[in-house]
$ cat data36.cif   # mmCIF, C-alpha atoms
data_coords
loop_
_atom_site.label_atom_id
_atom_site.label_comp_id
_atom_site.auth_asym_id
_atom_site.auth_seq_id
_atom_site.Cartn_x
_atom_site.Cartn_y
_atom_site.Cartn_z
CA MET A 1 82.60 -30.23 123.72
CA SER A 2 85.85 -28.98 125.14
CA LEU A 3 88.26 -26.83 123.21
CA TRP A 4 90.71 -29.75 123.13
CA ASN A 5 88.13 -31.96 121.45
CA ARG A 6 87.22 -29.29 118.97
CA PHE A 7 90.82 -29.05 117.85
CA PHE A 8 91.89 -32.65 117.87
CA SER A 9 88.89 -34.95 117.57
CA SER A 10 86.24 -33.24 115.57
CA SER A 11 88.17 -33.49 112.31
CA SER A 12 88.86 -37.23 112.72
CA SER A 13 85.75 -38.75 111.25
CA ALA A 14 87.48 -41.88 109.91
CA PRO A 15 87.43 -43.78 113.24
CA GLN A 16 83.66 -43.22 113.34
CA ALA A 17 83.34 -44.63 109.83
CA ARG A 18 85.45 -47.64 110.71
CA GLU A 19 83.50 -48.41 113.86
CA ARG A 20 80.10 -48.04 112.21
CA LEU A 21 81.15 -50.27 109.33
CA GLN A 22 82.55 -52.95 111.60
CA ILE A 23 79.32 -53.16 113.58
CA LEU A 24 77.09 -53.06 110.51
CA LEU A 25 79.05 -55.59 108.47
CA SER A 26 79.35 -58.12 111.26
CA HIS A 27 75.56 -58.07 111.38
CA GLU A 28 75.05 -58.11 107.61
CA ARG A 29 77.48 -60.97 107.10
CA GLN A 30 75.39 -63.07 109.49
CA VAL A 31 72.14 -62.26 107.77
CA LEU A 32 73.27 -62.12 104.15
CA GLY A 33 76.45 -64.18 104.40
CA GLY A 34 74.28 -67.26 104.69
CA ASP A 35 73.68 -66.72 100.96
CA ASP A 36 75.23 -70.10 100.36
CA LEU A 37 72.93 -71.94 102.73
CA LEU A 38 69.85 -70.00 101.67
CA SER A 39 70.48 -70.36 97.97
CA SER A 40 71.06 -74.10 98.25
CA LEU A 41 67.93 -74.47 100.38
CA ARG A 42 66.05 -72.49 97.77
CA GLU A 43 67.29 -74.72 94.95
CA ASP A 44 66.37 -77.89 96.87
CA ILE A 45 62.88 -76.64 97.71
CA LEU A 46 62.32 -75.50 94.15
CA ALA A 47 63.31 -78.94 92.84
CA VAL A 48 60.94 -80.73 95.23
CA VAL A 49 57.99 -78.43 94.55
CA ALA A 50 58.54 -78.34 90.79
CA LYS A 51 58.30 -82.12 90.68
CA ARG A 52 54.61 -81.87 91.61
CA VAL A 53 53.38 -78.45 90.55
CA PRO A 54 54.48 -75.90 87.97
CA CYS A 55 56.49 -73.29 89.83
CA ASP A 56 58.65 -70.34 88.80
CA ARG A 57 62.20 -69.88 89.95
CA GLU A 58 61.24 -66.49 91.38
CA ALA A 59 58.27 -67.95 93.26
CA VAL A 60 60.37 -69.52 96.01
CA LYS A 61 61.40 -67.14 98.75
CA VAL A 62 63.55 -68.30 101.61
CA ARG A 63 64.38 -66.08 104.56
CA LEU A 64 66.31 -66.80 107.69
CA ASP A 65 65.83 -64.62 110.74
CA LYS A 66 68.72 -65.42 112.99
CA GLY A 67 68.01 -64.91 116.64
CA SER A 68 68.89 -66.33 119.97
CA PRO A 69 67.78 -68.77 121.25
CA LEU A 70 65.48 -69.25 118.27
CA SER A 71 65.99 -68.69 114.54
CA ILE A 72 63.13 -68.73 112.08
CA LEU A 73 63.35 -70.21 108.62
CA GLU A 74 60.59 -68.74 106.52
CA ILE A 75 59.69 -70.39 103.22
CA GLU A 76 57.18 -68.91 100.85
CA VAL A 77 56.21 -70.60 97.60
CA GLU A 78 53.83 -68.96 95.20
CA ILE A 79 51.92 -71.39 93.01
CA ARG A 80 49.97 -70.37 89.95
CA GLY A 81 46.56 -71.77 89.24
CA GLU A 82 43.98 -73.27 91.56
CA VAL A 83 45.22 -75.45 94.33
CA ALA A 84 42.27 -77.85 94.05
CA SER A 85 43.06 -78.79 90.47
CA LEU A 86 46.75 -78.96 91.28
CA GLY A 87 46.00 -81.28 94.19
CA ARG A 88 44.12 -83.65 91.89
CA ALA A 89 46.86 -83.57 89.35
CA ALA A 90 49.46 -84.41 91.95
CA ALA A 91 47.45 -87.19 93.57
CA MET B 1 93.32 -70.21 77.87
CA ALA B 2 92.88 -66.68 79.11
CA LYS B 3 92.77 -65.54 82.70
CA ILE B 4 89.33 -64.03 83.27
CA ILE B 5 89.23 -60.89 85.41
CA THR B 6 86.01 -59.24 86.55
CA VAL B 7 86.12 -55.63 87.67
CA THR B 8 83.30 -55.19 90.15
CA SER B 9 82.20 -53.06 93.13
CA GLY B 10 78.47 -53.11 93.80
CA LYS B 11 78.38 -49.33 94.09
CA GLY B 12 78.37 -47.19 90.96
CA GLY B 13 80.80 -44.41 90.17
CA VAL B 14 83.77 -45.80 92.05
CA GLY B 15 85.95 -46.35 88.97
CA LYS B 16 85.17 -49.77 87.48
CA THR B 17 85.24 -48.61 83.86
CA THR B 18 88.33 -46.44 84.38
CA THR B 19 90.02 -49.43 86.01
CA THR B 20 89.01 -51.87 83.26
CA ALA B 21 90.47 -49.58 80.59
CA ALA B 22 93.61 -48.76 82.58
CA ILE B 23 94.47 -52.32 83.63
CA GLY B 24 93.57 -53.63 80.18
CA ALA B 25 95.87 -51.13 78.45
CA ALA B 26 98.68 -51.68 80.97
CA LEU B 27 98.55 -55.46 80.48
CA ALA B 28 98.38 -55.09 76.69
CA ARG B 29 101.43 -52.77 76.75
CA THR B 30 103.44 -55.71 78.06
CA GLY B 31 102.63 -57.58 74.83
CA ASP B 32 99.85 -59.77 76.25
CA ARG B 33 96.69 -60.11 74.19
CA VAL B 34 93.84 -58.46 76.11
CA ALA B 35 90.09 -58.25 75.49
CA VAL B 36 88.06 -55.81 77.59
CA VAL B 37 84.34 -56.59 77.66
CA ASP B 38 81.65 -54.10 78.65
CA PHE B 39 78.87 -55.94 80.49
CA ASP B 40 76.90 -52.80 81.27
CA VAL B 41 74.10 -53.53 78.79
CA GLY B 42 71.94 -50.47 78.27
CA LEU B 43 74.51 -48.03 79.67
CA ARG B 44 77.68 -48.68 77.72
CA ASN B 45 80.62 -46.43 78.55
CA LEU B 46 83.82 -48.41 78.20
CA ASP B 47 83.89 -47.48 74.49
CA LEU B 48 83.85 -43.80 75.43
CA VAL B 49 86.56 -44.07 78.08
CA MET B 50 88.72 -45.91 75.52
CA GLY B 51 88.02 -43.45 72.73
CA ALA B 52 86.35 -46.02 70.48
CA GLU B 53 82.77 -44.73 70.64
CA ARG B 54 82.62 -43.88 66.94
CA ARG B 55 83.90 -47.28 65.86
CA VAL B 56 81.19 -49.44 67.46
CA VAL B 57 79.36 -51.48 64.82
CA PHE B 58 78.37 -54.69 66.60
CA ASP B 59 78.24 -55.40 70.32
CA LEU B 60 78.15 -58.12 72.96
CA VAL B 61 74.43 -58.77 72.58
CA ASN B 62 74.77 -59.10 68.77
CA VAL B 63 77.41 -61.78 69.33
CA VAL B 64 75.40 -63.54 72.04
CA GLN B 65 72.32 -63.62 69.80
CA GLY B 66 74.28 -64.78 66.78
CA ASP B 67 73.72 -61.62 64.72
CA ALA B 68 77.45 -60.97 64.43
CA ARG B 69 80.65 -62.94 64.73
CA LEU B 70 83.00 -62.14 67.59
CA SER B 71 85.66 -61.00 65.12
CA GLN B 72 83.21 -58.48 63.65
CA ALA B 73 82.34 -57.01 67.04
CA LEU B 74 85.85 -56.74 68.51
CA ILE B 75 87.36 -53.26 68.12
CA LYS B 76 91.12 -53.11 67.93
CA ASP B 77 92.65 -50.29 69.96
CA LYS B 78 94.38 -47.61 67.89
CA ARG B 79 97.28 -47.17 70.31
CA VAL B 80 98.02 -50.66 71.59
CA ASP B 81 98.06 -53.48 69.01
CA THR B 82 97.16 -56.26 71.42
CA LEU B 83 94.20 -54.52 73.06
CA PHE B 84 90.63 -55.23 71.90
CA LEU B 85 87.25 -53.96 73.08
CA LEU B 86 83.92 -55.79 73.00
CA PRO B 87 81.35 -53.04 73.57
CA ALA B 88 78.06 -53.38 75.43
CA SER B 89 74.74 -53.06 73.68
CA GLN B 90 72.46 -50.09 74.27
CA THR B 91 69.33 -52.22 74.22
CA ARG B 92 66.88 -51.75 77.07
CA ASP B 93 65.98 -55.44 77.05
CA LYS B 94 67.14 -56.70 80.45
CA ASP B 95 67.15 -60.30 79.30
CA ALA B 96 69.35 -59.72 76.26
CA LEU B 97 72.18 -61.59 77.98
CA THR B 98 71.76 -65.24 78.89
CA GLU B 99 74.06 -67.54 80.84
CA GLU B 100 74.50 -69.78 77.79
CA GLY B 101 75.24 -66.81 75.53
CA VAL B 102 77.81 -65.39 77.91
CA ASP B 103 79.41 -68.83 78.35
CA LYS B 104 79.83 -69.11 74.60
CA VAL B 105 81.37 -65.66 74.13
CA ILE B 106 83.74 -66.04 77.08
CA ALA B 107 84.87 -69.46 75.83
CA GLU B 108 85.63 -68.01 72.41
CA LEU B 109 87.46 -64.99 73.85
CA SER B 110 89.36 -67.23 76.21
CA SER B 111 90.78 -69.25 73.32
CA GLN B 112 92.08 -66.12 71.57
CA PHE B 113 93.41 -63.93 74.38
CA ASP B 114 95.74 -64.01 77.38
CA TRP B 115 93.41 -61.86 79.48
CA VAL B 116 89.66 -61.24 79.31
CA ILE B 117 88.61 -58.32 81.52
CA CYS B 118 84.89 -58.01 82.24
CA ASP B 119 83.65 -54.56 83.25
CA SER B 120 80.69 -55.22 85.54
CA PRO B 121 77.65 -52.97 85.79
CA ALA B 122 76.89 -51.51 89.22
CA GLY B 123 74.45 -53.34 91.45
CA ILE B 124 74.00 -57.00 92.27
CA GLU B 125 71.44 -57.88 89.62
CA ARG B 126 71.71 -60.19 86.65
CA GLY B 127 74.21 -58.10 84.66
CA ALA B 128 76.62 -58.04 87.57
CA THR B 129 76.32 -61.75 88.31
CA LEU B 130 76.78 -62.59 84.62
CA ALA B 131 79.91 -60.42 84.51
CA MET B 132 81.42 -62.26 87.47
CA ARG B 133 80.25 -65.73 86.42
CA HIS B 134 83.52 -66.82 84.78
CA ALA B 135 85.94 -64.86 86.95
CA ASP B 136 89.26 -66.36 87.96
CA ILE B 137 90.21 -63.05 89.57
CA ALA B 138 87.85 -60.34 90.83
CA ILE B 139 89.13 -56.81 91.22
CA VAL B 140 86.92 -55.24 93.89
CA VAL B 141 87.08 -51.49 93.25
CA THR B 142 86.43 -49.55 96.45
CA ASN B 143 86.50 -45.90 97.49
CA PRO B 144 87.56 -45.16 101.07
CA GLU B 145 84.01 -44.24 101.98
CA VAL B 146 81.36 -46.08 104.03
CA SER B 147 78.78 -46.91 101.36
CA SER B 148 81.40 -48.15 98.91
CA VAL B 149 83.05 -50.37 101.54
CA ARG B 150 79.70 -51.82 102.56
CA ASP B 151 78.76 -52.63 98.95
CA SER B 152 82.17 -54.18 98.33
CA ASP B 153 81.64 -56.44 101.33
CA ARG B 154 78.36 -57.53 99.82
CA ILE B 155 80.01 -58.20 96.46
CA VAL B 156 82.70 -60.33 98.13
CA GLY B 157 79.92 -62.48 99.59
CA ILE B 158 78.27 -62.83 96.18
CA LEU B 159 81.59 -63.73 94.52
CA ASP B 160 81.85 -66.57 97.04
CA ALA B 161 78.34 -67.81 96.27
CA LYS B 162 77.32 -67.15 92.68
CA THR B 163 80.36 -67.58 90.43
CA LEU B 164 81.12 -70.74 88.48
CA LYS B 165 84.21 -71.20 90.66
CA ALA B 166 82.04 -71.04 93.78
CA THR B 167 79.62 -73.64 92.46
CA ARG B 168 82.59 -75.91 91.70
CA GLY B 169 83.72 -75.51 95.30
CA GLU B 170 86.69 -73.33 94.35
CA THR B 171 87.18 -69.70 95.31
CA VAL B 172 87.59 -66.63 93.13
CA ASP B 173 90.86 -64.80 93.75
CA LYS B 174 89.59 -61.48 95.13
CA ARG B 175 91.80 -58.38 95.15
CA LEU B 176 91.05 -54.96 96.58
CA LEU B 177 91.75 -51.91 94.45
CA LEU B 178 91.40 -48.77 96.50
CA THR B 179 90.57 -45.84 94.22
CA ARG B 180 90.22 -42.08 94.70
CA TYR B 181 92.56 -42.30 97.65
CA ASP B 182 93.38 -38.92 99.14
CA ALA B 183 96.51 -39.39 101.24
CA ALA B 184 96.26 -35.98 102.91
CA ARG B 185 92.71 -36.58 104.09
CA ALA B 186 93.52 -40.11 105.22
CA ALA B 187 96.49 -38.73 107.21
CA ARG B 188 94.25 -36.13 108.85
CA GLY B 189 91.77 -38.85 109.81
CA ASP B 190 89.10 -37.44 107.54
CA MET B 191 88.99 -40.50 105.33
CA LEU B 192 89.24 -44.23 105.94
CA ASN B 193 92.88 -45.19 105.43
CA THR B 194 94.25 -48.25 103.66
CA ALA B 195 94.65 -50.25 106.87
CA ASP B 196 91.03 -49.54 107.86
CA VAL B 197 89.59 -50.78 104.58
CA LEU B 198 91.89 -53.82 104.46
CA GLU B 199 90.93 -54.76 107.99
CA ILE B 200 87.23 -54.46 107.27
CA LEU B 201 87.14 -56.26 103.92
CA SER B 202 90.04 -58.67 104.61
CA ILE B 203 90.97 -59.41 101.02
CA PRO B 204 94.49 -58.87 99.62
CA LEU B 205 95.41 -55.47 98.22
CA LEU B 206 96.04 -55.13 94.48
CA GLY B 207 96.84 -51.44 94.54
CA ILE B 208 95.96 -47.93 95.61
CA ILE B 209 95.01 -45.36 92.98
CA PRO B 210 95.46 -41.82 94.26
CA GLU B 211 92.77 -39.22 93.68
CA SER B 212 94.07 -37.20 90.76
CA PRO B 213 92.89 -34.82 88.03
CA ASP B 214 94.83 -37.01 85.56
CA VAL B 215 92.02 -39.60 85.67
CA LEU B 216 89.36 -37.19 84.43
CA LYS B 217 91.77 -35.70 81.92
CA ALA B 218 92.49 -39.12 80.39
CA SER B 219 88.79 -39.93 80.09
CA ASN B 220 88.18 -36.53 78.46
CA PHE B 221 90.69 -37.55 75.80
CA GLY B 222 89.30 -41.09 75.57
CA VAL B 223 92.63 -42.66 76.48
CA PRO B 224 93.10 -45.25 79.26
CA VAL B 225 94.74 -43.37 82.14
CA SER B 226 97.60 -45.88 82.33
CA ILE B 227 98.84 -44.94 78.86
CA ASN B 228 97.71 -41.31 78.57
CA ASP B 229 100.54 -40.04 80.76
CA PRO B 230 102.43 -43.08 82.05
CA ALA B 231 104.48 -40.90 84.40
CA SER B 232 101.41 -39.61 86.27
CA ALA B 233 100.68 -40.98 89.74
CA PRO B 234 97.46 -42.88 88.86
CA ALA B 235 99.07 -44.33 85.71
CA LYS B 236 102.02 -45.64 87.73
CA ALA B 237 99.64 -47.16 90.29
CA TYR B 238 97.63 -48.91 87.55
CA ILE B 239 100.78 -50.15 85.80
CA ASP B 240 102.03 -51.59 89.10
CA ALA B 241 98.65 -53.25 89.71
CA ALA B 242 98.87 -54.87 86.26
CA ARG B 243 102.37 -56.15 87.07
CA ARG B 244 101.03 -57.69 90.28
CA LEU B 245 98.30 -59.42 88.27
CA LYS B 246 101.06 -60.91 86.12
CA GLY B 247 102.55 -62.38 89.26
CA GLU B 248 105.25 -59.88 90.15
CA GLU B 249 105.88 -59.47 93.87
CA LEU B 250 105.72 -55.71 94.03
CA PRO B 251 105.13 -54.04 97.40
CA VAL B 252 102.18 -51.64 97.41
CA GLN B 253 103.18 -48.06 98.09
CA VAL B 254 100.68 -46.33 100.33
CA PRO B 255 100.54 -42.77 98.98
CA THR B 256 101.74 -40.27 101.55
CA ALA B 257 100.56 -36.73 101.98
CA PRO B 258 102.92 -34.15 100.52
CA ARG B 259 104.71 -32.43 103.39
CA GLY B 260 104.60 -28.71 103.69
CA GLY B 261 104.84 -25.89 106.15
CA PHE B 262 101.97 -24.45 108.08
CA LEU B 263 101.13 -21.93 105.38
CA SER B 264 100.96 -24.43 102.53
CA LYS B 265 98.79 -26.72 104.66
CA LEU B 266 96.49 -23.82 105.28
CA LEU B 267 96.33 -23.01 101.59
CA ARG B 268 95.60 -26.62 100.67
CA ARG B 269 92.82 -26.74 103.19
CA ALA B 270 91.33 -23.58 101.83
CA ALA B 271 91.54 -24.86 98.26
#

$ encode --input "data36.cif" --output "structure tokens"
Amino acid sequence: MSLWNRFFSSSSSAPQARERLQILLSHERQVLGGDDLLSSLREDILAVVAKRVPCDREAVKVRLDKGSPLSILEIEVEIRGEVASLGRAAA
Amino acid sequence: MAKIITVTSGKGGVGKTTTTAAIGAALARTGDRVAVVDFDVGLRNLDLVMGAERRVVFDLVNVVQGDARLSQALIKDKRVDTLFLLPASQTRDKDALTEEGVDKVIAELSSQFDWVICDSPAGIERGATLAMRHADIAIVVTNPEVSSVRDSDRIVGILDAKTLKATRGETVDKRLLLTRYDAARAARGDMLNTADVLEILSIPLLGIIPESPDVLKASNFGVPVSINDPASAPAKAYIDAARRLKGEELPVQVPTAPRGGFLSKLLRRAA
């Protein structure tokens, strides 16, 4: 690092902070900012599943991996009890 | 009907409780009836910052669970007649607060006060979402520092998704309160400045509270900083923020670094 940089740039850490935050938050807003979509999806799925089988609010996990050209919507529902008996009950 | 304010931040230690006490006292000084509510169940501190820790008999959870009436739990401030505190419980039961219980207490407070100010716990868990549930206005307390700004951004997203206003399709009025602002360091480029944080979070600015020993001094005494020494820099900034909440169009003064010669700069740096 040149002497000039040592004197004038090394103490300015704020631009670094700003840049890192801008990059990070633009990513996080995409992933987490879909909160609205994900939470409504979660509510809808929970309502459908709960109609047939007993199911906790916490048992529905919805994740969205945004990518290009393909995004993956991952849905995981934990159900208590044996599936066989549940299947009969639902039928 | 009261205006409901939630003081929130995501990150801990940025000044939520200090802000709740200071804004509450400043609003009450104007004659408005103000209730400040500590939502930090298990880790109550608003009582201490307001100097009421030895007067707590009943708390928020007692009222929610029907073990005490609201009027029994509210503590009237000794300095400002129109300021009341509803302390948090110290129970370790995480489920002590329920949505229905909080709805009931807020409705009752709302009918008796002009302002209800909810001091949110840190984090984004249940306590924090319950504290923001009824918010008309959210004061997002942020330090000019990367982790605080990131957490504030997260909280802004949650305010837009999980509040009652959000579920009704309305939006919570979000205002940025920049705290622990060190003008000299911001001027040197050592600290994110006001413009940086505003650009990143893009919510309107409620005020800038300068870093100052007066804040710690006021909490040592158990007096809200806005009324401990109203002439001090942080008190003035909080009083101005309260006036803006009441609708006054008051330009925000960005604190500037005190100017000095080479020697005084050197001394400050060494200090």

$ closest_residue --input "data36.cif" --among "B:Gly169, B:Gly189, B:Gly127, B:Pro251" --to "Pro204 in chain B" --atoms "all atoms listed in the file"
B:Pro251

$ interface_residues --input "data36.cif" --of "chain B" --to "chain A" --cutoff "12 Å" --atoms "only C-alpha atoms" --output "PyMOL selection string"
chain B and resi 144-163+166-167+169+185-202

$ atom_distance --input "data36.cif" --atom1 "CA of Val34 in chain B" --atom2 "CA of Thr171 in chain B"
23.2 Å

$ resolve_selection --input "data36.cif" --expression "the PyMOL selection byres ((chain B and resi 117) around 7)" --output "ChimeraX atom specification"
/B:4-6,20,24,35-37,115-116,118-119

$ resolve_selection --input "data36.cif" --expression "the PyMOL selection byres ((chain A and resi 76) around 7)" --output "ChimeraX atom specification"
/A:60-62,74-75,77-78

$ atom_distance --input "data36.cif" --atom1 "CA of Asp114 in chain B" --atom2 "CA of Pro230 in chain B"
22.5 Å

$ atom_distance --input "data36.cif" --atom1 "CA of Arg180 in chain B" --atom2 "CA of Tyr238 in chain B"
12.4 Å

$ residues_near_point --input "data36.cif" --point "(60.3, -68.6, 90.0)" --cutoff "12 Å" --atoms "all atoms listed in the file" --output "list in words"
Arg42, Glu43, Ile45, Leu46, Ala47, Val49, Ala50, Pro54, Cys55, Asp56, Arg57, Glu58, Ala59, Val60, Lys61, Glu76, Val77, Glu78, Ile79 and Arg80 of chain A

$ write_last_selection --input "data36.cif" --atoms "C-alpha atoms" --output "PDB file, in the coordinates of the input"
ATOM      1  CA  ARG A  42      66.050 -72.490  97.770  1.00  0.00           C
ATOM      2  CA  GLU A  43      67.290 -74.720  94.950  1.00  0.00           C
ATOM      3  CA  ILE A  45      62.880 -76.640  97.710  1.00  0.00           C
ATOM      4  CA  LEU A  46      62.320 -75.500  94.150  1.00  0.00           C
ATOM      5  CA  ALA A  47      63.310 -78.940  92.840  1.00  0.00           C
ATOM      6  CA  VAL A  49      57.990 -78.430  94.550  1.00  0.00           C
ATOM      7  CA  ALA A  50      58.540 -78.340  90.790  1.00  0.00           C
ATOM      8  CA  PRO A  54      54.480 -75.900  87.970  1.00  0.00           C
ATOM      9  CA  CYS A  55      56.490 -73.290  89.830  1.00  0.00           C
ATOM     10  CA  ASP A  56      58.650 -70.340  88.800  1.00  0.00           C
ATOM     11  CA  ARG A  57      62.200 -69.880  89.950  1.00  0.00           C
ATOM     12  CA  GLU A  58      61.240 -66.490  91.380  1.00  0.00           C
ATOM     13  CA  ALA A  59      58.270 -67.950  93.260  1.00  0.00           C
ATOM     14  CA  VAL A  60      60.370 -69.520  96.010  1.00  0.00           C
ATOM     15  CA  LYS A  61      61.400 -67.140  98.750  1.00  0.00           C
ATOM     16  CA  GLU A  76      57.180 -68.910 100.850  1.00  0.00           C
ATOM     17  CA  VAL A  77      56.210 -70.600  97.600  1.00  0.00           C
ATOM     18  CA  GLU A  78      53.830 -68.960  95.200  1.00  0.00           C
ATOM     19  CA  ILE A  79      51.920 -71.390  93.010  1.00  0.00           C
ATOM     20  CA  ARG A  80      49.970 -70.370  89.950  1.00  0.00           C
TER      21      ARG A  80
END

$ residues_around --input "data36.cif" --residues "Val61 in chain B" --least-positions-apart "6" --cutoff "7 Å" --atoms "only C-alpha atoms" --output "list of chain:residue names"
B:Ser89, B:Ala96, B:Leu97

$ closest_residue --input "data36.cif" --among "B:Ala218, B:Ile227, B:Ala52, B:Leu109" --to "Ser71 in chain B" --atoms "all atoms listed in the file"
B:Leu109

$ residues_around --input "data36.cif" --residues "Arg33 in chain B" --least-positions-apart "4" --cutoff "12 Å" --atoms "all atoms listed in the file" --output "CSV table (one decimal) with C-alpha atoms, in the frame of the given file"
chain,number,residue,atom,x,y,z
B,1,MET,CA,93.3,-70.2,77.9
B,2,ALA,CA,92.9,-66.7,79.1
B,3,LYS,CA,92.8,-65.5,82.7
B,24,GLY,CA,93.6,-53.6,80.2
B,25,ALA,CA,95.9,-51.1,78.4
B,26,ALA,CA,98.7,-51.7,81.0
B,27,LEU,CA,98.6,-55.5,80.5
B,28,ALA,CA,98.4,-55.1,76.7
B,29,ARG,CA,101.4,-52.8,76.8
B,76,LYS,CA,91.1,-53.1,67.9
B,77,ASP,CA,92.6,-50.3,70.0
B,80,VAL,CA,98.0,-50.7,71.6
B,81,ASP,CA,98.1,-53.5,69.0
B,82,THR,CA,97.2,-56.3,71.4
B,83,LEU,CA,94.2,-54.5,73.1
B,84,PHE,CA,90.6,-55.2,71.9
B,85,LEU,CA,87.2,-54.0,73.1
B,109,LEU,CA,87.5,-65.0,73.8
B,110,SER,CA,89.4,-67.2,76.2
B,111,SER,CA,90.8,-69.2,73.3
B,112,GLN,CA,92.1,-66.1,71.6
B,113,PHE,CA,93.4,-63.9,74.4
B,114,ASP,CA,95.7,-64.0,77.4
B,115,TRP,CA,93.4,-61.9,79.5
B,116,VAL,CA,89.7,-61.2,79.3
B,117,ILE,CA,88.6,-58.3,81.5

$ resolve_selection --input "data36.cif" --expression "the PyMOL selection byres ((chain B and resi 12) around 9)" --output "count of residues only"
11

$ residues_around --input "data36.cif" --residues "range 40-45 of chain B" --least-positions-apart "4" --cutoff "8 Å" --atoms "only C-alpha atoms" --output "PyMOL selection string"
chain B and resi 17+49+87-94+119-121+127

$ residues_around --input "data36.cif" --residues "Ala73 in chain B" --least-positions-apart "6" --cutoff "9 Å" --atoms "all atoms listed in the file" --output "PyMOL selection string"
chain B and resi 56-60+62-63+85-87
